[in-house]
file structure20.json (JSON, C-alpha atoms)
[["chain", "number", "residue", "atom", "x", "y", "z"],
["A", 1, "MET", "CA", 154.78, -181.63, 128.49],
["A", 2, "VAL", "CA", 158.07, -182.04, 126.68],
["A", 3, "PRO", "CA", 157.76, -185.00, 124.31],
["A", 4, "LYS", "CA", 161.48, -185.61, 124.02],
["A", 5, "ASN", "CA", 164.23, -186.38, 126.52],
["A", 6, "LEU", "CA", 166.30, -183.21, 126.50],
["A", 7, "MET", "CA", 170.00, -183.02, 127.22],
["A", 8, "THR", "CA", 171.15, -180.87, 130.13],
["A", 9, "GLU", "CA", 172.14, -177.97, 127.83],
["A", 10, "GLN", "CA", 168.76, -178.07, 126.07],
["A", 11, "LYS", "CA", 166.96, -178.04, 129.41],
["A", 12, "ALA", "CA", 168.99, -175.00, 130.46],
["A", 13, "ILE", "CA", 168.14, -173.17, 127.22],
["A", 14, "TRP", "CA", 164.47, -174.11, 127.66],
["A", 15, "ARG", "CA", 164.43, -172.89, 131.27],
["A", 16, "ASP", "CA", 166.28, -169.64, 130.44],
["A", 17, "MET", "CA", 163.91, -168.79, 127.59],
["A", 18, "CYS", "CA", 160.88, -169.38, 129.81],
["A", 19, "HIS", "CA", 162.38, -167.21, 132.56],
["A", 20, "ASP", "CA", 163.09, -164.45, 130.00],
["A", 21, "LEU", "CA", 159.46, -164.53, 128.87],
["A", 22, "LEU", "CA", 158.26, -164.32, 132.47],
["A", 23, "ASP", "CA", 160.63, -161.40, 133.12],
["A", 24, "CYS", "CA", 159.30, -159.58, 130.05],
["A", 25, "LEU", "CA", 155.77, -160.08, 131.32],
["A", 26, "GLU", "CA", 156.64, -158.78, 134.79],
["A", 27, "ARG", "CA", 158.38, -155.69, 133.35],
["A", 28, "GLU", "CA", 155.68, -155.02, 130.76],
["A", 29, "PRO", "CA", 152.24, -156.34, 131.76],
["A", 30, "GLU", "CA", 150.97, -155.50, 128.25],
["A", 31, "PHE", "CA", 153.72, -157.59, 126.61],
["A", 32, "PHE", "CA", 151.39, -160.15, 125.08],
["A", 33, "THR", "CA", 149.09, -157.54, 123.50],
["A", 34, "CYS", "CA", 151.84, -156.95, 120.92],
["A", 35, "VAL", "CA", 152.57, -160.63, 120.22],
["A", 36, "ILE", "CA", 151.13, -162.21, 117.09],
["A", 37, "THR", "CA", 151.32, -166.00, 117.13],
["A", 38, "GLY", "CA", 151.30, -168.11, 114.00],
["A", 39, "GLY", "CA", 151.02, -171.75, 113.09],
["A", 40, "GLU", "CA", 149.90, -174.28, 110.50],
["A", 41, "SER", "CA", 147.48, -177.18, 110.70],
["A", 42, "TRP", "CA", 145.71, -179.57, 108.37],
["A", 43, "ILE", "CA", 141.95, -179.02, 108.11],
["A", 44, "LEU", "CA", 139.85, -181.93, 106.85],
["A", 45, "GLU", "CA", 136.89, -181.38, 104.51],
["A", 46, "TYR", "CA", 134.91, -183.71, 106.78],
["A", 47, "ASN", "CA", 135.78, -185.01, 110.23],
["A", 48, "PRO", "CA", 133.03, -187.10, 111.85],
["A", 49, "LYS", "CA", 131.72, -186.29, 115.30],
["A", 50, "THR", "CA", 132.97, -188.46, 118.10],
["A", 51, "GLU", "CA", 130.46, -190.78, 119.75],
["A", 52, "ARG", "CA", 130.34, -188.48, 122.76],
["A", 53, "LEU", "CA", 129.42, -185.47, 120.61],
["A", 54, "SER", "CA", 126.67, -187.29, 118.73],
["A", 55, "ARG", "CA", 124.83, -188.85, 121.68],
["A", 56, "GLU", "CA", 121.09, -188.34, 121.91],
["A", 57, "TRP", "CA", 118.63, -188.82, 124.77],
["A", 58, "HIS", "CA", 116.11, -191.61, 124.25],
["A", 59, "THR", "CA", 113.61, -193.43, 126.40],
["A", 60, "ALA", "CA", 114.19, -197.07, 127.26],
["A", 61, "ASN", "CA", 111.45, -198.14, 124.78],
["A", 62, "SER", "CA", 112.56, -196.04, 121.82],
["A", 63, "PRO", "CA", 114.33, -197.80, 118.96],
["A", 64, "ARG", "CA", 118.03, -197.40, 118.64],
["A", 65, "PRO", "CA", 118.85, -194.65, 116.09],
["A", 66, "LYS", "CA", 120.44, -195.74, 112.84],
["A", 67, "LYS", "CA", 123.61, -193.93, 112.00],
["A", 68, "ALA", "CA", 125.67, -194.21, 108.88],
["A", 69, "ARG", "CA", 129.29, -194.94, 109.63],
["A", 70, "MET", "CA", 131.31, -191.97, 108.49],
["A", 71, "SER", "CA", 135.05, -191.75, 108.10],
["A", 72, "LYS", "CA", 137.43, -188.83, 107.90],
["A", 73, "SER", "CA", 137.72, -187.12, 104.58],
["A", 74, "LYS", "CA", 140.83, -187.71, 102.53],
["A", 75, "ILE", "CA", 140.53, -184.18, 101.21],
["A", 76, "LYS", "CA", 142.39, -181.74, 103.38],
["A", 77, "SER", "CA", 144.02, -178.36, 103.15],
["A", 78, "MET", "CA", 146.66, -176.65, 105.25],
["A", 79, "LEU", "CA", 145.57, -173.55, 107.14],
["A", 80, "ILE", "CA", 148.14, -170.95, 108.14],
["A", 81, "CYS", "CA", 146.75, -168.68, 110.83],
["A", 82, "PHE", "CA", 148.10, -165.77, 112.87],
["A", 83, "PHE", "CA", 146.28, -164.36, 115.89],
["A", 84, "ASP", "CA", 146.81, -162.06, 118.86],
["A", 85, "SER", "CA", 144.98, -161.26, 122.09],
["A", 86, "GLN", "CA", 142.15, -159.59, 120.13],
["A", 87, "GLY", "CA", 141.52, -162.37, 117.62],
["A", 88, "ILE", "CA", 142.60, -163.62, 114.22],
["A", 89, "VAL", "CA", 144.85, -161.19, 112.36],
["A", 90, "HIS", "CA", 145.56, -163.14, 109.17],
["A", 91, "LYS", "CA", 144.68, -166.55, 107.79],
["A", 92, "GLU", "CA", 145.09, -168.32, 104.51],
["A", 93, "PHE", "CA", 144.70, -171.79, 103.07],
["A", 94, "VAL", "CA", 147.71, -173.19, 101.23],
["A", 95, "THR", "CA", 146.83, -174.09, 97.66],
["A", 96, "PRO", "CA", 146.92, -177.85, 96.97],
["A", 97, "GLY", "CA", 150.36, -178.99, 95.87],
["A", 98, "GLN", "CA", 152.14, -175.99, 97.40],
["A", 99, "THR", "CA", 154.93, -176.80, 99.83],
["A", 100, "VAL", "CA", 155.33, -174.56, 102.87],
["A", 101, "ASN", "CA", 159.02, -173.77, 102.48],
["A", 102, "GLN", "CA", 161.04, -170.67, 103.34],
["A", 103, "THR", "CA", 160.18, -168.93, 100.06],
["A", 104, "PHE", "CA", 156.45, -169.45, 100.50],
["A", 105, "TYR", "CA", 156.58, -168.59, 104.21],
["A", 106, "ARG", "CA", 158.35, -165.31, 103.42],
["A", 107, "GLU", "CA", 155.47, -164.39, 101.08],
["A", 108, "VAL", "CA", 153.01, -165.25, 103.87],
["A", 109, "LEU", "CA", 154.93, -163.04, 106.31],
["A", 110, "GLU", "CA", 154.85, -160.15, 103.82],
["A", 111, "ARG", "CA", 151.06, -160.50, 103.53],
["A", 112, "LEU", "CA", 150.85, -160.71, 107.34],
["A", 113, "ARG", "CA", 152.90, -157.52, 107.71],
["A", 114, "LYS", "CA", 150.56, -155.64, 105.37],
["A", 115, "ARG", "CA", 147.50, -157.09, 107.13],
["A", 116, "VAL", "CA", 148.79, -155.99, 110.56],
["A", 117, "ALA", "CA", 149.10, -152.43, 109.21],
["A", 118, "ARG", "CA", 145.42, -152.56, 108.15],
["A", 119, "VAL", "CA", 143.74, -154.38, 111.04],
["A", 120, "ARG", "CA", 146.04, -153.53, 114.02],
["A", 121, "PRO", "CA", 147.34, -150.02, 113.27],
["A", 122, "GLY", "CA", 147.99, -149.44, 117.00],
["A", 123, "ILE", "CA", 150.76, -152.05, 117.02],
["A", 124, "GLU", "CA", 151.92, -151.73, 113.41],
["A", 125, "ARG", "CA", 155.44, -150.64, 114.41],
["A", 126, "ALA", "CA", 155.68, -152.57, 117.70],
["A", 127, "TRP", "CA", 154.38, -156.10, 117.12],
["A", 128, "MET", "CA", 156.39, -159.25, 117.72],
["A", 129, "LEU", "CA", 156.08, -162.58, 115.95],
["A", 130, "HIS", "CA", 155.82, -165.89, 117.77],
["A", 131, "HIS", "CA", 156.03, -169.09, 115.76],
["A", 132, "ASP", "CA", 157.43, -172.55, 116.36],
["A", 133, "ASN", "CA", 160.85, -173.84, 115.30],
["A", 134, "ALA", "CA", 159.79, -175.44, 112.02],
["A", 135, "PRO", "CA", 162.61, -175.37, 109.45],
["A", 136, "CYS", "CA", 160.78, -172.89, 107.22],
["A", 137, "HIS", "CA", 160.34, -170.55, 110.22],
["A", 138, "THR", "CA", 163.98, -170.60, 111.30],
["A", 139, "ALA", "CA", 165.62, -170.40, 107.87],
["A", 140, "VAL", "CA", 168.31, -167.75, 107.40],
["A", 141, "SER", "CA", 166.28, -165.97, 104.69],
["A", 142, "ILE", "CA", 163.30, -165.69, 107.08],
["A", 143, "ASN", "CA", 165.48, -164.31, 109.88],
["A", 144, "GLU", "CA", 167.00, -161.79, 107.43],
["A", 145, "PHE", "CA", 163.53, -160.75, 106.24],
["A", 146, "LEU", "CA", 162.29, -160.26, 109.81],
["A", 147, "ALA", "CA", 165.42, -158.25, 110.72],
["A", 148, "GLU", "CA", 165.05, -156.13, 107.58],
["A", 149, "LYS", "CA", 161.42, -155.34, 108.44],
["A", 150, "ASN", "CA", 162.23, -154.77, 112.16],
["A", 151, "ILE", "CA", 159.94, -157.56, 113.34],
["A", 152, "PRO", "CA", 161.29, -159.10, 116.55],
["A", 153, "VAL", "CA", 160.68, -162.79, 117.19],
["A", 154, "VAL", "CA", 159.53, -164.10, 120.57],
["A", 155, "PRO", "CA", 161.84, -167.08, 121.20],
["A", 156, "GLN", "CA", 160.43, -170.57, 121.16],
["A", 157, "PRO", "CA", 162.35, -173.10, 123.27],
["A", 158, "PRO", "CA", 163.27, -176.32, 121.45],
["A", 159, "TYR", "CA", 160.73, -179.14, 121.65],
["A", 160, "SER", "CA", 158.33, -176.95, 123.58],
["A", 161, "LEU", "CA", 154.88, -177.72, 122.27],
["A", 162, "ASP", "CA", 153.32, -176.40, 125.46],
["A", 163, "LEU", "CA", 154.28, -172.84, 124.49],
["A", 164, "SER", "CA", 152.56, -173.02, 121.12],
["A", 165, "PRO", "CA", 149.11, -171.42, 121.51],
["A", 166, "CYS", "CA", 148.05, -172.49, 118.03],
["A", 167, "ASP", "CA", 148.51, -176.17, 118.82],
["A", 168, "PHE", "CA", 146.89, -176.06, 122.26],
["A", 169, "PHE", "CA", 144.25, -173.36, 121.85],
["A", 170, "LEU", "CA", 143.30, -172.24, 118.37],
["A", 171, "PHE", "CA", 143.45, -175.35, 116.18],
["A", 172, "PRO", "CA", 141.81, -177.80, 118.64],
["A", 173, "TRP", "CA", 138.97, -175.31, 119.17],
["A", 174, "LEU", "CA", 138.56, -174.80, 115.42],
["A", 175, "LYS", "CA", 138.66, -178.52, 114.62],
["A", 176, "ASN", "CA", 136.19, -179.33, 117.39],
["A", 177, "HIS", "CA", 133.82, -176.68, 116.01],
["A", 178, "LEU", "CA", 134.08, -178.19, 112.51],
["A", 179, "LYS", "CA", 133.48, -181.82, 113.57],
["A", 180, "GLY", "CA", 130.46, -183.35, 111.92],
["A", 181, "ARG", "CA", 130.18, -180.64, 109.28],
["A", 182, "HIS", "CA", 130.73, -181.00, 105.57],
["A", 183, "PHE", "CA", 132.19, -178.06, 103.73],
["A", 184, "VAL", "CA", 134.23, -177.15, 100.72],
["A", 185, "LEU", "CA", 137.57, -175.75, 101.85],
["A", 186, "TRP", "CA", 137.59, -172.75, 99.54],
["A", 187, "ILE", "CA", 134.22, -171.61, 100.95],
["A", 188, "ILE", "CA", 135.37, -171.73, 104.56],
["A", 189, "SER", "CA", 138.56, -169.86, 103.68],
["A", 190, "ARG", "CA", 136.41, -166.82, 102.90],
["A", 191, "ARG", "CA", 134.53, -167.06, 106.22],
["A", 192, "VAL", "CA", 137.31, -167.91, 108.73]]
call {"tool": "encode", "arguments": {"input": "structure20.json", "output": "structure tokens"}}
result
Amino acid sequence: MVPKNLMTEQKAIWRDMCHDLLDCLEREPEFFTCVITGGESWILEYNPKTERLSREWHTANSPRPKKARMSKSKIKSMLICFFDSQGIVHKEFVTPGQTVNQTFYREVLERLRKRVARVRPGIERAWMLHHDNAPCHTAVSINEFLAEKNIPVVPQPPYSLDLSPCDFFLFPWLKNHLKGRHFVLWIISRRV
């Protein structure tokens, strides 16, 4: 799924990047064990269950259950999460009012680098970062920081949401698990 009509050059870049990733995987079958993927998503304090999730079995004679109509919470917090093939490596909630810009993202990457050294010592010197093409991820200062720390970046083709595991795997699973539950965001940040 590519949600935008790409020009011929963009399609060629997209195709070449995908072929390069497939070549890396064929040369090194363990390629993805060293890749740490990151992304951001908004997490709501309360997100009601869908009708399908809240269905109950009843007999034909039983009264219809009364349900209060619930709406999504207006309170939300941004979660930044990094994971690899073994699980979550680093996660943090962005404090309310904080903008995720290149300065803040650099601080997050520094904390991630230290966390990788603690929780994944086997790949401490050989891990690669995969994140999308958000402006704060592709800023010159971020690229300089990653080069300075010898952290290679797995390329992300432009407008390629289908190659973003956070958006298609991690965050939908997490949000589905949290549906119908009330929680205070700072409490869950300690348990995620």
call {"tool": "atom_distance", "arguments": {"input": "structure20.json", "atom1": "CA of Val116 in chain A", "atom2": "CA of Leu79 in chain A"}}
result
18.2 Å
call {"tool": "closest_residue", "arguments": {"input": "structure20.json", "among": "A:Gly39, A:Pro29, A:Pro121, A:Pro135", "to": "Ile80 in chain A", "atoms": "only C-alpha atoms"}}
result
A:Gly39
call {"tool": "atom_distance", "arguments": {"input": "structure20.json", "atom1": "CA of Val119 in chain A", "atom2": "CA of Asp84 in chain A"}}
result
11.4 Å
call {"tool": "residues_around", "arguments": {"input": "structure20.json", "residues": "Glu40 in chain A", "least_positions_apart": "3", "cutoff": "10 Å", "atoms": "only C-alpha atoms", "output": "ChimeraX atom specification"}}
result
/A:43,78-82,91-94,100,131-132,166-167,171
call {"tool": "closest_residue", "arguments": {"input": "structure20.json", "among": "A:Asn143, A:Thr99, A:Val89, A:Arg115", "to": "Gly38 in chain A", "atoms": "all atoms listed in the file"}}
result
A:Val89
call {"tool": "atom_distance", "arguments": {"input": "structure20.json", "atom1": "CA of Glu144 in chain A", "atom2": "CA of Met7 in chain A"}}
result
29.2 Å
call {"tool": "closest_residue", "arguments": {"input": "structure20.json", "among": "A:Thr37, A:Gln102, A:Trp42, A:His130", "to": "Pro172 in chain A", "atoms": "all atoms listed in the file"}}
result
A:Trp42
call {"tool": "closest_residue", "arguments": {"input": "structure20.json", "among": "A:Arg125, A:Lys149, A:Lys114, A:His137", "to": "His90 in chain A", "atoms": "only C-alpha atoms"}}
result
A:Lys114
call {"tool": "closest_residue", "arguments": {"input": "structure20.json", "among": "A:Glu30, A:Glu148, A:Ala126, A:Ile142", "to": "Val108 in chain A", "atoms": "only C-alpha atoms"}}
result
A:Ile142
call {"tool": "closest_residue", "arguments": {"input": "structure20.json", "among": "A:Asn101, A:Val35, A:Ile151, A:Pro158", "to": "Ala139 in chain A", "atoms": "only C-alpha atoms"}}
result
A:Asn101
